[in-house]
>>> print(open('entry28.tsv').read())   # TSV, C-alpha atoms and all ligand atoms
chain	number	residue	atom	x	y	z
A	1	MET	CA	373.25	51.70	-11.23
A	2	THR	CA	371.53	50.21	-14.26
A	3	GLN	CA	374.01	48.67	-16.70
A	4	THR	CA	373.50	48.49	-20.44
A	5	LEU	CA	373.70	45.38	-22.58
A	6	GLN	CA	374.25	46.09	-26.26
A	7	ILE	CA	372.63	43.35	-28.32
A	8	LEU	CA	373.83	42.66	-31.88
A	9	PRO	CA	371.70	39.78	-33.25
A	10	GLY	CA	373.48	39.69	-36.63
A	11	ASP	CA	372.74	37.34	-39.52
A	12	GLY	CA	371.34	33.87	-40.19
A	13	ILE	CA	370.13	32.19	-37.00
A	14	GLY	CA	371.49	35.13	-34.95
A	15	PRO	CA	368.14	36.88	-34.39
A	16	GLU	CA	366.34	33.65	-33.36
A	17	ILE	CA	368.92	32.53	-30.84
A	18	VAL	CA	369.39	35.99	-29.36
A	19	ALA	CA	365.60	36.27	-28.92
A	20	GLU	CA	365.78	33.24	-26.60
A	21	ALA	CA	368.56	34.83	-24.54
A	22	GLU	CA	366.35	37.91	-24.27
A	23	LYS	CA	363.60	35.78	-22.73
A	24	VAL	CA	366.10	34.79	-20.05
A	25	ILE	CA	367.07	38.44	-19.49
A	26	GLU	CA	363.39	39.31	-19.15
A	27	TRP	CA	362.92	36.63	-16.53
A	28	LEU	CA	366.02	37.68	-14.58
A	29	ARG	CA	364.79	41.28	-14.60
A	30	GLY	CA	361.36	40.31	-13.33
A	31	HIS	CA	362.36	37.66	-10.79
A	32	ALA	CA	366.02	37.91	-9.82
A	33	GLY	CA	366.71	41.61	-9.39
A	34	LEU	CA	368.72	42.07	-12.58
A	35	GLU	CA	368.88	45.75	-13.48
A	36	LEU	CA	369.81	45.84	-17.10
A	37	HIS	CA	368.94	48.17	-19.92
A	38	VAL	CA	368.99	46.52	-23.35
A	39	GLU	CA	369.96	48.29	-26.60
A	40	ARG	CA	369.86	46.73	-30.06
A	41	ASP	CA	371.80	47.44	-33.24
A	42	LEU	CA	373.01	45.72	-36.40
A	43	ILE	CA	376.25	43.93	-37.25
A	44	GLY	CA	377.43	41.87	-40.22
A	45	GLY	CA	375.44	41.51	-43.41
A	46	GLN	CA	372.37	43.18	-41.90
A	47	ALA	CA	374.46	46.23	-41.04
A	48	TYR	CA	375.96	46.21	-44.53
A	49	ASP	CA	372.47	46.20	-46.07
A	50	ALA	CA	371.22	49.01	-43.80
A	51	TYR	CA	374.34	51.17	-43.30
A	52	GLY	CA	376.68	50.17	-46.13
A	53	VAL	CA	379.28	48.87	-43.65
A	54	PRO	CA	379.28	45.69	-41.53
A	55	PHE	CA	380.10	47.50	-38.26
A	56	ALA	CA	379.23	51.20	-38.22
A	57	ASP	CA	381.06	53.88	-36.20
A	58	GLU	CA	377.79	54.70	-34.37
A	59	THR	CA	377.44	51.03	-33.41
A	60	LEU	CA	381.02	51.00	-32.16
A	61	GLU	CA	380.31	54.03	-29.95
A	62	LYS	CA	377.21	52.34	-28.52
A	63	CYS	CA	379.29	49.24	-27.78
A	64	ARG	CA	381.98	51.30	-26.06
A	65	ALA	CA	379.33	52.89	-23.83
A	66	ALA	CA	377.80	49.53	-22.84
A	67	SER	CA	378.80	47.24	-19.96
A	68	ALA	CA	378.66	44.18	-22.19
A	69	ILE	CA	377.77	43.17	-25.74
A	70	LEU	CA	375.79	40.07	-26.68
A	71	MET	CA	376.14	39.01	-30.31
A	72	GLY	CA	374.40	36.32	-32.35
A	73	SER	CA	376.40	35.51	-35.47
A	74	VAL	CA	377.49	37.05	-38.76
A	75	GLY	CA	377.70	35.94	-42.37
A	76	GLY	CA	375.68	34.30	-45.11
A	77	PRO	CA	375.86	33.41	-48.81
A	78	GLN	CA	373.93	36.52	-49.87
A	79	TRP	CA	377.01	38.62	-49.03
A	80	ASP	CA	379.54	36.40	-50.84
A	81	GLY	CA	380.01	38.98	-53.60
A	82	VAL	CA	380.57	41.93	-51.24
A	83	ASP	CA	383.99	43.67	-51.17
A	84	TYR	CA	386.39	41.81	-48.91
A	85	ASP	CA	386.68	44.64	-46.37
A	86	LYS	CA	382.89	45.04	-46.14
A	87	ARG	CA	381.92	41.41	-45.76
A	88	PRO	CA	380.02	40.44	-42.56
A	89	GLU	CA	383.08	38.77	-40.99
A	90	ALA	CA	385.05	42.00	-41.41
A	91	GLY	CA	382.48	43.70	-39.16
A	92	LEU	CA	383.12	41.22	-36.37
A	93	LEU	CA	386.90	41.51	-36.79
A	94	ARG	CA	386.60	45.31	-36.61
A	95	ALA	CA	384.53	45.04	-33.43
A	96	ARG	CA	387.12	42.77	-31.80
A	97	SER	CA	389.99	45.01	-32.83
A	98	GLU	CA	388.42	48.42	-32.05
A	99	LEU	CA	387.15	47.23	-28.67
A	100	GLY	CA	390.56	45.73	-27.81
A	101	LEU	CA	389.06	42.29	-27.16
A	102	PHE	CA	392.34	40.41	-27.10
A	103	ALA	CA	391.33	37.48	-24.88
A	104	ASN	CA	388.81	34.99	-26.23
A	105	LEU	CA	387.62	32.43	-23.68
A	106	ARG	CA	386.04	29.34	-25.22
A	107	PRO	CA	385.05	26.73	-22.65
A	108	ALA	CA	384.36	23.22	-23.90
A	109	LEU	CA	382.31	21.52	-21.24
A	110	VAL	CA	380.67	18.13	-21.63
A	111	PHE	CA	377.27	17.99	-19.95
A	112	ASP	CA	376.61	14.50	-18.56
A	113	ALA	CA	373.19	14.45	-20.23
A	114	LEU	CA	374.79	14.99	-23.64
A	115	ILE	CA	377.50	12.37	-23.37
A	116	ASP	CA	375.95	10.35	-26.20
A	117	ALA	CA	375.79	13.35	-28.54
A	118	SER	CA	379.58	13.37	-28.87
A	119	SER	CA	381.08	11.46	-31.77
A	120	LEU	CA	383.76	10.20	-29.37
A	121	LYS	CA	383.30	7.33	-26.92
A	122	PRO	CA	381.66	8.32	-23.60
A	123	GLU	CA	384.71	7.19	-21.57
A	124	ILE	CA	386.88	9.64	-23.54
A	125	VAL	CA	384.70	12.73	-23.08
A	126	ARG	CA	382.95	12.19	-19.74
A	127	GLY	CA	383.54	15.10	-17.35
A	128	LEU	CA	385.51	17.04	-19.92
A	129	ASP	CA	386.13	20.68	-18.96
A	130	ILE	CA	388.61	22.48	-21.21
A	131	LEU	CA	389.07	26.22	-21.51
A	132	ILE	CA	390.62	27.51	-24.72
A	133	VAL	CA	392.16	30.95	-24.34
A	134	ARG	CA	392.56	32.28	-27.86
A	135	GLU	CA	394.50	35.46	-28.67
A	136	LEU	CA	391.97	37.48	-30.67
A	137	THR	CA	393.39	40.78	-31.94
A	138	GLY	CA	396.77	39.77	-33.36
A	139	GLY	CA	398.49	37.18	-35.48
A	140	VAL	CA	397.75	36.42	-39.10
A	141	TYR	CA	394.19	37.76	-38.81
A	142	PHE	CA	395.51	41.31	-38.55
A	143	GLY	CA	399.19	41.18	-39.56
A	144	GLU	CA	400.54	43.49	-42.28
A	145	PRO	CA	401.48	43.31	-45.06
A	146	ARG	CA	398.59	41.37	-46.52
A	147	GLY	CA	396.97	41.25	-49.89
A	148	ILE	CA	396.78	39.70	-53.32
A	149	GLU	CA	399.25	40.96	-55.91
A	150	THR	CA	400.04	40.19	-59.52
A	151	LEU	CA	403.63	39.17	-60.17
A	152	ALA	CA	405.75	40.18	-63.17
A	153	ASN	CA	405.16	36.78	-64.75
A	154	GLY	CA	401.40	37.34	-64.56
A	155	GLU	CA	400.91	34.89	-61.73
A	156	ARG	CA	398.96	36.06	-58.68
A	157	ARG	CA	400.27	35.81	-55.10
A	158	GLY	CA	398.19	35.97	-51.93
A	159	PHE	CA	400.01	36.79	-48.69
A	160	ASN	CA	399.40	37.36	-44.99
A	161	THR	CA	401.73	38.04	-42.11
A	162	GLN	CA	401.84	36.22	-38.80
A	163	THR	CA	403.23	38.57	-36.15
A	164	TYR	CA	403.31	38.58	-32.36
A	165	THR	CA	405.05	40.97	-30.01
A	166	THR	CA	406.22	40.29	-26.45
A	167	SER	CA	403.40	42.34	-24.94
A	168	GLU	CA	400.73	40.61	-27.04
A	169	ILE	CA	402.01	37.22	-25.93
A	170	THR	CA	402.44	38.04	-22.26
A	171	ARG	CA	399.02	39.68	-21.83
A	172	ILE	CA	397.22	36.61	-23.22
A	173	GLY	CA	399.58	34.36	-21.23
A	174	ARG	CA	398.62	36.16	-18.02
A	175	VAL	CA	394.93	35.63	-18.71
A	176	ALA	CA	395.54	31.91	-19.23
A	177	PHE	CA	397.67	31.43	-16.10
A	178	GLU	CA	395.28	33.46	-13.92
A	179	LEU	CA	392.30	31.42	-15.11
A	180	ALA	CA	394.21	28.14	-14.67
A	181	ARG	CA	394.82	29.02	-11.01
A	182	LYS	CA	391.05	29.12	-10.50
A	183	ARG	CA	390.57	25.78	-12.30
A	184	GLY	CA	392.87	22.77	-12.75
A	185	ASN	CA	396.12	24.79	-12.48
A	186	LYS	CA	397.49	23.51	-15.79
A	187	VAL	CA	398.26	25.36	-19.03
A	188	HIS	CA	399.13	23.93	-22.43
A	189	SER	CA	400.66	26.60	-24.66
A	190	CYS	CA	400.30	25.75	-28.35
A	191	GLU	CA	402.20	27.10	-31.37
A	192	LYS	CA	404.36	25.84	-34.23
A	193	ALA	CA	407.80	26.77	-32.88
A	194	ASN	CA	409.23	24.02	-35.09
A	195	VAL	CA	408.46	26.00	-38.26
A	196	MET	CA	407.57	29.60	-37.32
A	197	GLU	CA	409.66	32.34	-35.67
A	198	SER	CA	406.49	33.83	-34.18
A	199	GLY	CA	406.04	30.44	-32.53
A	200	VAL	CA	409.61	30.47	-31.18
A	201	LEU	CA	408.98	33.88	-29.64
A	202	TRP	CA	405.61	32.72	-28.28
A	203	ARG	CA	407.27	29.77	-26.53
A	204	GLU	CA	410.12	31.89	-25.12
A	205	GLU	CA	407.82	34.61	-23.78
A	206	ILE	CA	405.37	32.15	-22.22
A	207	THR	CA	408.30	30.31	-20.62
A	208	ALA	CA	409.70	33.58	-19.21
A	209	LEU	CA	406.32	34.74	-17.90
A	210	HIS	CA	405.77	31.37	-16.27
A	211	ALA	CA	409.16	31.43	-14.54
A	212	ALA	CA	408.74	35.02	-13.37
A	213	THR	CA	405.16	34.96	-12.09
A	214	TYR	CA	403.33	31.68	-12.51
A	215	ALA	CA	405.77	28.91	-11.57
A	216	ASP	CA	403.04	27.39	-9.35
A	217	VAL	CA	400.98	26.58	-12.47
A	218	GLU	CA	401.85	23.47	-14.46
A	219	LEU	CA	402.97	24.47	-17.97
A	220	GLU	CA	403.41	22.30	-21.02
A	221	HIS	CA	404.34	23.45	-24.54
A	222	MET	CA	402.74	21.59	-27.42
A	223	TYR	CA	402.83	21.98	-31.17
A	224	ALA	CA	399.42	22.99	-32.43
A	225	ASP	CA	399.08	20.01	-34.78
A	226	ASN	CA	399.88	17.64	-31.92
A	227	CYS	CA	397.29	19.47	-29.80
A	228	ALA	CA	394.67	18.86	-32.51
A	229	MET	CA	395.51	15.16	-32.36
A	230	GLN	CA	395.66	14.97	-28.54
A	231	LEU	CA	392.22	16.63	-28.29
A	232	LEU	CA	390.79	13.55	-29.97
A	233	ARG	CA	393.09	10.99	-28.39
A	234	ASN	CA	393.02	12.03	-24.75
A	235	PRO	CA	391.15	15.32	-24.21
A	236	SER	CA	391.02	15.02	-20.42
A	237	GLN	CA	394.76	15.82	-20.21
A	238	PHE	CA	393.83	19.47	-20.92
A	239	ASP	CA	392.73	22.16	-18.50
A	240	VAL	CA	393.58	25.54	-20.10
A	241	ILE	CA	394.93	25.79	-23.65
A	242	VAL	CA	396.47	29.12	-24.63
A	243	THR	CA	397.15	29.73	-28.29
A	244	ASP	CA	397.21	32.29	-31.08
A	245	ASN	CA	394.37	33.66	-33.16
A	246	LEU	CA	394.42	31.18	-36.06
A	247	PHE	CA	395.27	28.02	-34.14
A	248	GLY	CA	392.67	29.07	-31.54
A	249	ASP	CA	390.03	29.39	-34.24
A	250	ILE	CA	390.67	25.85	-35.41
A	251	LEU	CA	391.30	24.14	-32.08
A	252	SER	CA	388.19	25.69	-30.52
A	253	ASP	CA	385.94	24.30	-33.24
A	254	GLU	CA	387.49	20.90	-32.66
A	255	ALA	CA	387.17	21.12	-28.87
A	256	ALA	CA	383.58	22.29	-29.24
A	257	MET	CA	382.66	19.22	-31.22
A	258	LEU	CA	384.00	16.95	-28.46
A	259	THR	CA	381.07	18.18	-26.41
A	260	GLY	CA	378.54	16.89	-28.92
A	261	SER	CA	377.49	20.03	-30.73
A	262	LEU	CA	378.85	23.38	-31.75
A	263	GLY	CA	375.38	24.55	-30.70
A	264	MET	CA	376.31	24.29	-27.01
A	265	LEU	CA	379.46	26.41	-26.85
A	266	PRO	CA	379.53	29.98	-25.53
A	267	SER	CA	382.43	32.41	-25.64
A	268	ALA	CA	383.62	35.61	-24.03
A	269	SER	CA	385.95	38.12	-25.65
A	270	LEU	CA	387.57	40.39	-23.10
A	271	GLY	CA	389.76	43.47	-23.17
A	272	VAL	CA	391.47	45.31	-20.34
A	273	ALA	CA	389.57	45.60	-17.03
A	274	GLY	CA	386.76	48.13	-17.10
A	275	THR	CA	386.00	47.80	-20.82
A	276	PRO	CA	382.95	45.94	-22.17
A	277	GLY	CA	383.31	42.28	-23.08
A	278	LEU	CA	381.66	40.75	-26.13
A	279	TYR	CA	379.78	37.49	-25.70
A	280	GLU	CA	378.80	35.23	-28.57
A	281	PRO	CA	378.17	31.58	-29.38
A	282	VAL	CA	381.15	29.85	-31.00
A	283	HIS	CA	378.99	28.52	-33.84
A	284	GLY	CA	378.31	30.55	-36.95
A	285	SER	CA	375.19	31.91	-38.61
A	286	ALA	CA	374.03	28.53	-40.05
A	287	PRO	CA	372.18	30.12	-42.99
A	288	ASP	CA	370.91	26.69	-44.07
A	289	ILE	CA	368.63	26.44	-41.02
A	290	ALA	CA	367.92	30.15	-40.45
A	291	GLY	CA	364.26	30.88	-39.79
A	292	LEU	CA	363.30	27.22	-39.43
A	293	GLY	CA	363.18	27.13	-35.64
A	294	LYS	CA	365.85	24.42	-35.58
A	295	ALA	CA	368.77	26.36	-34.12
A	296	ASN	CA	370.02	25.55	-30.64
A	297	PRO	CA	369.85	28.73	-28.49
A	298	LEU	CA	371.80	27.24	-25.58
A	299	ALA	CA	375.23	28.53	-26.69
A	300	THR	CA	373.78	32.04	-26.74
A	301	ILE	CA	372.04	31.60	-23.39
A	302	LEU	CA	375.33	30.28	-21.94
A	303	SER	CA	377.10	33.29	-23.50
A	304	LEU	CA	374.67	35.51	-21.60
A	305	ALA	CA	375.68	33.62	-18.45
A	306	MET	CA	379.33	34.43	-19.21
A	307	ALA	CA	378.37	38.11	-19.65
A	308	LEU	CA	376.67	38.06	-16.24
A	309	ARG	CA	379.81	36.53	-14.71
A	310	TYR	CA	382.63	38.45	-16.42
A	311	SER	CA	381.12	41.89	-17.24
A	312	LEU	CA	377.96	42.46	-15.21
A	313	GLU	CA	379.23	41.24	-11.84
A	314	ARG	CA	376.29	38.90	-11.39
A	315	GLY	CA	378.05	35.56	-11.05
A	316	ASP	CA	375.11	34.47	-8.88
A	317	LEU	CA	372.73	34.85	-11.82
A	318	ALA	CA	375.23	33.15	-14.16
A	319	ASP	CA	375.15	30.13	-11.83
A	320	MET	CA	371.34	30.14	-11.97
A	321	VAL	CA	371.25	30.24	-15.76
A	322	GLU	CA	373.83	27.46	-16.10
A	323	ALA	CA	371.93	25.32	-13.61
A	324	ALA	CA	368.71	25.88	-15.57
A	325	VAL	CA	370.41	24.75	-18.80
A	326	ARG	CA	371.72	21.63	-17.05
A	327	ARG	CA	368.25	20.88	-15.72
A	328	VAL	CA	366.64	21.23	-19.15
A	329	LEU	CA	369.21	18.83	-20.61
A	330	ASN	CA	368.70	16.37	-17.75
A	331	ASP	CA	364.96	16.48	-18.51
A	332	GLY	CA	365.70	15.24	-22.04
A	333	VAL	CA	364.74	18.45	-23.85
A	334	ARG	CA	366.73	18.57	-27.11
A	335	THR	CA	367.08	20.69	-30.22
A	336	ALA	CA	367.79	18.71	-33.41
A	337	ASP	CA	371.59	19.08	-33.20
A	338	ILE	CA	371.76	17.30	-29.82
A	339	MET	CA	368.81	14.93	-30.29
A	340	SER	CA	369.30	11.31	-29.24
A	341	THR	CA	367.01	8.39	-28.45
A	342	GLY	CA	364.76	9.06	-25.48
A	343	GLY	CA	365.03	12.83	-25.92
A	344	ARG	CA	362.14	15.18	-26.68
A	345	GLU	CA	362.90	17.25	-29.75
A	346	VAL	CA	361.90	20.90	-29.49
A	347	SER	CA	362.20	24.09	-31.54
A	348	THR	CA	364.47	27.06	-30.83
A	349	ASP	CA	361.60	28.91	-29.18
A	350	GLU	CA	360.56	25.92	-27.04
A	351	MET	CA	364.15	25.43	-25.86
A	352	GLY	CA	364.31	29.06	-24.69
A	353	SER	CA	360.97	28.67	-22.92
A	354	ALA	CA	362.18	25.45	-21.28
A	355	VAL	CA	365.17	27.30	-19.81
A	356	VAL	CA	362.87	30.02	-18.47
A	357	ALA	CA	360.58	27.36	-17.00
A	358	ALA	CA	363.57	25.71	-15.33
A	359	LEU	CA	364.57	29.07	-13.85
A	360	SER	CA	361.06	29.50	-12.47
A	361	ALA	CA	361.05	26.00	-11.03
A	362	ALA	CA	364.39	26.38	-9.22
A	401	LIG	C1	385.08	32.50	-34.92
A	401	LIG	C2	384.73	32.66	-36.38
A	401	LIG	C3	385.35	33.96	-36.88
A	401	LIG	C4	386.85	33.81	-36.78
A	401	LIG	C5	384.90	34.40	-38.27
A	401	LIG	C6	383.40	34.51	-38.36
A	401	LIG	C7	385.55	35.71	-38.67
A	401	LIG	O1	385.15	31.55	-37.10
A	401	LIG	O2	384.70	33.39	-34.12
A	401	LIG	O3	385.68	31.50	-34.57
A	401	LIG	O4	387.49	33.26	-37.70
A	401	LIG	O5	387.40	34.25	-35.79
A	402	MG	MG	385.87	29.97	-35.89
>>> encode(input="entry28.tsv", output="structure tokens", more="lines below")
Ligand code: IPM
Ligand code: MG
Amino acid sequence: MTQTLQILPGDGIGPEIVAEAEKVIEWLRGHAGLELHVERDLIGGQAYDAYGVPFADETLEKCRAASAILMGSVGGPQWDGVDYDKRPEAGLLRARSELGLFANLRPALVFDALIDASSLKPEIVRGLDILIVRELTGGVYFGEPRGIETLANGERRGFNTQTYTTSEITRIGRVAFELARKRGNKVHSCEKANVMESGVLWREEITALHAATYADVELEHMYADNCAMQLLRNPSQFDVIVTDNLFGDILSDEAAMLTGSLGMLPSASLGVAGTPGLYEPVHGSAPDIAGLGKANPLATILSLAMALRYSLERGDLADMVEAAVRRVLNDGVRTADIMSTGGREVSTDEMGSAVVAALSAA
């Protein structure tokens, strides 16, 4: 049965990087027996300009009907003045929430060929393989009440609510423990139980889940600020990190940078089994380099590999794509963000073509 991939290129560099992933899809269709129908639609600022909303109901229905969704990125300065609930980022948050994408997998993997691109010493980052499991549909991103109000004294007050329920914590905890069993069998659970009740509950529920079902997995609790520090001090102590929506946002950017460039990091956002996952690079829309052919398409191509593995049941093709990326890097092909001495600097388009060439050569 032919599956459908819903593509949402989005804003900024989104269209350029997604175009390179589409080259890979084309090759896999022609040479590796991938049966995949591709649909395209708008999200973010582009959707706002065309439809008046950053994630339209019709787009949501198309996403629901697909097997997987591949997104580029959203946002840009031209939408800075747009109403808060219609800004590009709100479209992405609506997609995550409506599609029930509660589990965000953000692997931070250091490729040997890129060891010098990291700002940390090679001996600290060599062989690094961390998986951040970020809760994606709860916490302060979605908690009510929220708003900006004017107080009696004329002062203004902005407020948000951090909330987590037992079921929200245990379902993300399960994802983390299950994934750890297939990797290094170790989970660090990160919160701020020293200052937040939601963190106290998080720690208690993860502890209970661990004792009941996952006692074979090594579990360590860590305050999120300490985790931020430990990621720089001794990142190889980590296997799987499970954390909430806001801490996960911050810690995943930090972990990504250990690998040398935000331009290398893919992500998968998953809901309950049988529903489509959304795959996107961790980096943003980089409006400053949009249209210049400078963007690194590898995070998007690696996101496609995650889609093949987690939603399209083609782990074999995911392996091929990841091997092709590794080969291209070993050959010294570099976009500007990962350029180092001895490398050959290429454009976005040339990087995509190099991955396709590596697939053909394998
Ligand atoms: C991310 C981004 C988003 C987030 C923005 C674009 C809403 O930073 O995916 O990490 O904060 O979740
Ligand atoms: Mg972020």
>>> closest_residue(input="entry28.tsv", among="A:Leu246, A:Met222, A:Ala21, A:Ile43", to="ligand LIG 401 (chain A)", atoms="all atoms listed in the file")
A:Leu246
>>> residues_near_ligand(input="entry28.tsv", ligand="ligand MG 402 (chain A)", cutoff="8 Å", atoms="all atoms listed in the file", output="PyMOL selection string")
chain A and resi 249-250+252-253+282-284
>>> closest_atom_pairs(input="entry28.tsv", of="chain A", to="ligand LIG 401 (chain A)", cutoff="10 Å", atoms="only C-alpha atoms and all ligand atoms", output="JSON lines")
{"residue": "A:Gly44", "atom": "CA", "partner": "A:LIG401", "partner_atom": "C6", "distance": 9.7}
{"residue": "A:Ser73", "atom": "CA", "partner": "A:LIG401", "partner_atom": "C6", "distance": 7.6}
{"residue": "A:Val74", "atom": "CA", "partner": "A:LIG401", "partner_atom": "C6", "distance": 6.4}
{"residue": "A:Gly75", "atom": "CA", "partner": "A:LIG401", "partner_atom": "C6", "distance": 7.1}
{"residue": "A:Arg87", "atom": "CA", "partner": "A:LIG401", "partner_atom": "C7", "distance": 9.8}
{"residue": "A:Pro88", "atom": "CA", "partner": "A:LIG401", "partner_atom": "C6", "distance": 8.0}
{"residue": "A:Glu89", "atom": "CA", "partner": "A:LIG401", "partner_atom": "C7", "distance": 4.6}
{"residue": "A:Ala90", "atom": "CA", "partner": "A:LIG401", "partner_atom": "C7", "distance": 6.9}
{"residue": "A:Gly91", "atom": "CA", "partner": "A:LIG401", "partner_atom": "C7", "distance": 8.6}
{"residue": "A:Leu92", "atom": "CA", "partner": "A:LIG401", "partner_atom": "C7", "distance": 6.4}
{"residue": "A:Leu93", "atom": "CA", "partner": "A:LIG401", "partner_atom": "C7", "distance": 6.2}
{"residue": "A:Arg94", "atom": "CA", "partner": "A:LIG401", "partner_atom": "C7", "distance": 9.9}
{"residue": "A:Arg96", "atom": "CA", "partner": "A:LIG401", "partner_atom": "O5", "distance": 9.4}
{"residue": "A:Asn104", "atom": "CA", "partner": "A:LIG401", "partner_atom": "O2", "distance": 9.0}
{"residue": "A:Arg106", "atom": "CA", "partner": "A:LIG401", "partner_atom": "O3", "distance": 9.6}
{"residue": "A:Arg134", "atom": "CA", "partner": "A:LIG401", "partner_atom": "O3", "distance": 9.6}
{"residue": "A:Leu136", "atom": "CA", "partner": "A:LIG401", "partner_atom": "O5", "distance": 7.6}
{"residue": "A:Thr137", "atom": "CA", "partner": "A:LIG401", "partner_atom": "O5", "distance": 9.7}
{"residue": "A:Tyr141", "atom": "CA", "partner": "A:LIG401", "partner_atom": "O4", "distance": 8.1}
{"residue": "A:Asn245", "atom": "CA", "partner": "A:LIG401", "partner_atom": "O5", "distance": 7.5}
{"residue": "A:Leu246", "atom": "CA", "partner": "A:LIG401", "partner_atom": "O4", "distance": 7.4}
{"residue": "A:Gly248", "atom": "CA", "partner": "A:LIG401", "partner_atom": "O3", "distance": 8.0}
{"residue": "A:Asp249", "atom": "CA", "partner": "A:LIG401", "partner_atom": "O3", "distance": 4.8}
{"residue": "A:Ile250", "atom": "CA", "partner": "A:LIG401", "partner_atom": "O3", "distance": 7.6}
{"residue": "A:Leu251", "atom": "CA", "partner": "A:LIG401", "partner_atom": "O3", "distance": 9.6}
{"residue": "A:Ser252", "atom": "CA", "partner": "A:LIG401", "partner_atom": "O3", "distance": 7.5}
{"residue": "A:Asp253", "atom": "CA", "partner": "A:LIG401", "partner_atom": "O3", "distance": 7.3}
{"residue": "A:Ser267", "atom": "CA", "partner": "A:LIG401", "partner_atom": "O2", "distance": 8.8}
{"residue": "A:Ser269", "atom": "CA", "partner": "A:LIG401", "partner_atom": "O2", "distance": 9.8}
{"residue": "A:Glu280", "atom": "CA", "partner": "A:LIG401", "partner_atom": "O2", "distance": 8.3}
{"residue": "A:Pro281", "atom": "CA", "partner": "A:LIG401", "partner_atom": "O2", "distance": 8.3}
{"residue": "A:Val282", "atom": "CA", "partner": "A:LIG401", "partner_atom": "O2", "distance": 5.9}
{"residue": "A:His283", "atom": "CA", "partner": "A:LIG401", "partner_atom": "C1", "distance": 7.4}
{"residue": "A:Gly284", "atom": "CA", "partner": "A:LIG401", "partner_atom": "C6", "distance": 6.6}
{"residue": "A:Ser285", "atom": "CA", "partner": "A:LIG401", "partner_atom": "C6", "distance": 8.6}
>>> axis_aligned_box(input="entry28.tsv", around="segment 114-124 of chain A", padding_each_side="3 Å", output="AutoDock Vina command-line options")
--center_x 380.8 --center_y 11.1 --center_z -26.7 --size_x 18.1 --size_y 13.8 --size_z 16.2
>>> closest_atom_pairs(input="entry28.tsv", of="segment 55-152 of chain A", to="segment 235-242 of chain A", cutoff="8 Å", atoms="only C-alpha atoms", output="JSON lines")
{"residue": "A:Ile124", "atom": "CA", "partner": "A:Pro235", "partner_atom": "CA", "distance": 7.1}
{"residue": "A:Val125", "atom": "CA", "partner": "A:Pro235", "partner_atom": "CA", "distance": 7.0}
{"residue": "A:Leu128", "atom": "CA", "partner": "A:Ser236", "partner_atom": "CA", "distance": 5.9}
{"residue": "A:Asp129", "atom": "CA", "partner": "A:Asp239", "partner_atom": "CA", "distance": 6.8}
{"residue": "A:Ile130", "atom": "CA", "partner": "A:Asp239", "partner_atom": "CA", "distance": 4.9}
{"residue": "A:Leu131", "atom": "CA", "partner": "A:Val240", "partner_atom": "CA", "distance": 4.8}
{"residue": "A:Ile132", "atom": "CA", "partner": "A:Ile241", "partner_atom": "CA", "distance": 4.8}
{"residue": "A:Val133", "atom": "CA", "partner": "A:Val242", "partner_atom": "CA", "distance": 4.7}
{"residue": "A:Arg134", "atom": "CA", "partner": "A:Val242", "partner_atom": "CA", "distance": 6.0}
{"residue": "A:Glu135", "atom": "CA", "partner": "A:Val242", "partner_atom": "CA", "distance": 7.8}
>>> closest_residue(input="entry28.tsv", among="A:Ala290, A:Val321, A:Ala212, A:Val110", to="Gly14 of chain A", atoms="only C-alpha atoms")
A:Ala290
